[in-house]
Amino acid sequence: MKIKHSLIIIAIGWAMVWVGAFFKINHSGYSEYFLTSGLSLSIIGGMAFIYKLVSHPKIKEFLNS
């Protein structure tokens, strides 16, 4: 998985959270599912992003700049 894939997963998670919040404001059904799955996707994408960042061979150069 590349870094762009983890960023796409995070963006999809944020979009699902927005949809869930909209459903929650309008008192529609299934808002809990959108919020839960959106937050889960955001966390998974964030963990994948951090893993790819830390496992990169030039991390010391990146952090020292």
# chains A, B, ... in the order shown; residues from 1 in each chain; ligands from 1
$ select_by_dssp --residues "chain A" --states "helix (DSSP H, G or I)" --output "ChimeraX atom specification"
/A:3-25,31-54,59-64
$ closest_residue --among "A:Met16, A:Ile9, A:Leu53, A:Ile3" --to "Glu32 in chain A" --atoms "only C-alpha atoms"
A:Met16
$ residues_around --residues "Phe49 in chain A" --least-positions-apart "4" --cutoff "10 Å" --atoms "only C-alpha atoms" --output "list of chain:residue names"
A:Met1, A:Lys2, A:Ile3, A:Lys4, A:His5, A:Ser6, A:Leu7, A:Ile9, A:Ile10, A:Ile43, A:Ile44, A:Gly45, A:Leu53, A:Val54, A:Ser55
$ atom_distance --atom1 "CA of Gly13 in chain A" --atom2 "CA of Ile50 in chain A"
16.2 Å
$ atom_distance --atom1 "CA of Ser40 in chain A" --atom2 "CA of Ile8 in chain A"
13.7 Å
$ closest_residue --among "A:Ser42, A:Ser37, A:Lys60, A:His27" --to "Trp14 in chain A" --atoms "only C-alpha atoms"
A:Ser42
$ residues_around --residues "Leu35 in chain A" --least-positions-apart "5" --cutoff "10 Å" --atoms "only C-alpha atoms" --output "JSON, numbers by chain"
{"A": [13, 14, 15, 16, 17, 18, 19, 20, 21, 23, 24, 30, 40, 41]}
$ write_last_selection --atoms "C-alpha atoms" --output "PDB file, in the first residue's frame"
ATOM      1  CA  GLY A  13     -13.502   8.109   6.311  1.00  0.00           C
ATOM      2  CA  TRP A  14     -13.894  11.865   6.693  1.00  0.00           C
ATOM      3  CA  ALA A  15     -16.575  11.907   3.996  1.00  0.00           C
ATOM      4  CA  MET A  16     -18.481   9.170   5.807  1.00  0.00           C
ATOM      5  CA  VAL A  17     -18.238  11.120   9.069  1.00  0.00           C
ATOM      6  CA  TRP A  18     -19.670  14.190   7.305  1.00  0.00           C
ATOM      7  CA  VAL A  19     -22.550  12.134   5.911  1.00  0.00           C
ATOM      8  CA  GLY A  20     -23.165  10.606   9.330  1.00  0.00           C
ATOM      9  CA  ALA A  21     -23.176  14.036  10.962  1.00  0.00           C
ATOM     10  CA  PHE A  23     -27.900  12.300   8.999  1.00  0.00           C
ATOM     11  CA  LYS A  24     -27.590  12.891  12.747  1.00  0.00           C
ATOM     12  CA  TYR A  30     -28.234   4.820  10.064  1.00  0.00           C
ATOM     13  CA  SER A  40     -12.828   3.445  11.905  1.00  0.00           C
ATOM     14  CA  LEU A  41     -11.637   4.107   8.360  1.00  0.00           C
TER      15      LEU A  41
END
